[in-house]
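Chemist: Here you go, one structure.
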Amino acid sequence: MCPYADAVRAAAVSRRWQHLHTRLPNARFSMSVQGLLAPLGESSKPRVQSMARTLRRRCCCGGDTVKTLHIGYRKDVPFECRYAEEFVALANATRLELGVQCARGLPDEDASEWSLELPPATAELQLRLYWYAVRPPRLHGPGVASLRWLALNGLAVLRPESFLSGGGVVFPALEELHIVKCTLPAGGGIDITSAAMPRLRRLIVTDVAVMSAATKAGIAVLADELAELRVSCRCATEPMATSDPAAYHLKPRFRALFTRYSCVRVRAPRLRVFEWRCCFADEVRVESVGRLSDVAVELAAGRLPRLWNEESKSLSVEDCDKLMKGILRGLLPGLRPRSWDWVQRKCVKRDERWLSFEISKCPKV
């Protein structure tokens with residue numbers, strides 16, 4: 001339970017504790033010292049080189065296996081990127097967590113392409129990308145074939161060449177995928193297919209937004225083995241009544257609040273759990289599902305977010321009602337429980353703003 005930095009410092013207290021840190025299952029390296037005046041931290045080559053020596057000694061002296069490796073570094077600092085690649089290869093950890101930042105104000109808000117080689121032991125990968133300019137990496141290496149769990153979390157823009165937009169990377173063992181807080185550009189989208197992820201069983205999409213209210217981007221889920229699909233976001237609408245006429249403007253250039261997709265397509269013949277909360281799409285096309293045990297659909301009418309120079313728009317209850325009917329029409333073939341006694345909860349709620357439908361199966365005794 002001891003934090004990694006404290007365990008390393010403990011080596012100075014007692015000779016018996018000199019190699020204590022080599023026995024910890026989790027290793028955590030933050031390459032930049034953060035502070036109030038330097039939120040991205042300050043470069044420190046001696047600090048990073050000391051981390052490299054510590055990890056090399058552990059790996060060369062036969063220390064305990066690194067189960068989780070967490071690295072925080074900056075994409076726009078070349079020597080930090082170089083050492084991050086070395087740390088990943090040396091540790092060969094079962095779980096890899098990368099927190100990648102970069103300076104703001106880069107040309108075209110783009111920190112350029114980059115790649116990440118996964119070592120053979122990697123089974124879980126979490127990517128936290130803290131700014132729009134940081135692209136998702138191109139994944140390669142022997143760990144791609146053994147990866148079972150993948151999470152992409154951050155403000156990254158999923159450009160057409162990314163591995164979630166038909167980038168050509170195949171994950172033969174991937175079973176669970178989380179996509180959180182990413183942004184879809186105009187003409188882009190997310191394509192989850194059995195060709196790229198043949199064993200995918202669980203897909204969670206949370207707070208994935210489009211670049212602006214006028215952006216046309218969609219999500220396609222064509223997964224033969226998928227059993228659970230959850231798409232949700234923070235409620236992106238506000239009640240129509242307000243005392244402030246300028247409320248709910250979005251002044252920054254980028255804000256991940258627009259969660260209106262052009263089209264969402266679902267073809268999952270083994271799907272058992274479907275959840276859709278607060279997102280809106282011009283069309284939700286459910287082509288096939290399995291025998292559903294849990295369903296939750298929740299929509300909210302109201303004012304939509306807008307940039308400061310755009311006219312105010314709203315989402316009506318009629319729009320929500322149309323989308324709800326379209327979703328349930330597609331799910332209807334799967335709403336056939338063997339016995340309605342199995343159903344624990346049936347809920348249909350409708351008022352001046354909210355529209356929801358929920359059905360869940362009784363837990364097994």
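Letters A, B, ... mark the chains of the structure tokens in the order given; residue numbers begin at 1 per chain; ligand numbers begin at 1, in order shown.
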Got a sec: who's within 9 Å of A:Arg56, counting only C-alpha atoms, leaving out chain neighbours fewer than 4 positions off, as a PyMOL selection string?
Modeler: chain A and resi 51-52+60-61+87+90-91
Chemist: Once you have the residues from the selection above, write them out as a PDB file, in the first residue's frame, restricted to C-alpha atoms.
Modeler:
```pdb
ATOM      1  CA  MET A  51      13.911   7.031 -12.666  1.00  0.00           C
ATOM      2  CA  ALA A  52      15.492   5.158 -15.577  1.00  0.00           C
ATOM      3  CA  CYS A  60      18.233  -6.392 -14.285  1.00  0.00           C
ATOM      4  CA  CYS A  61      18.469  -7.614 -10.676  1.00  0.00           C
ATOM      5  CA  PHE A  87      10.195   2.413 -19.426  1.00  0.00           C
ATOM      6  CA  LEU A  90      11.788  -2.482 -19.626  1.00  0.00           C
ATOM      7  CA  ALA A  91       8.867  -3.042 -17.273  1.00  0.00           C
TER       8      ALA A  91
END
```
Chemist: Taking only C-alpha atoms into account, name the residue in A:Thr259, A:Ser14, A:Ser115, A:Gln126 that is nearest to A:Leu69.
Modeler: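 Of A:Thr259, A:Ser14, A:Ser115, A:Gln126, the one nearest A:Leu69 is A:Gln126, counting only C-alpha atoms.
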Chemist: Could you name the residues that touch A:Gly188 at 12 Å or less, counting only C-alpha atoms, but leaving out those on the same chain fewer than 6 positions away, as an NGL selection string?
Modeler: :A and (157-162 or 164-167 or 209-211 or 215-220 or 261-263)
Chemist: Distance atom CA of A:Ser112-atom CA of A:Leu129, one decimal place?
Modeler: 13.4 Å
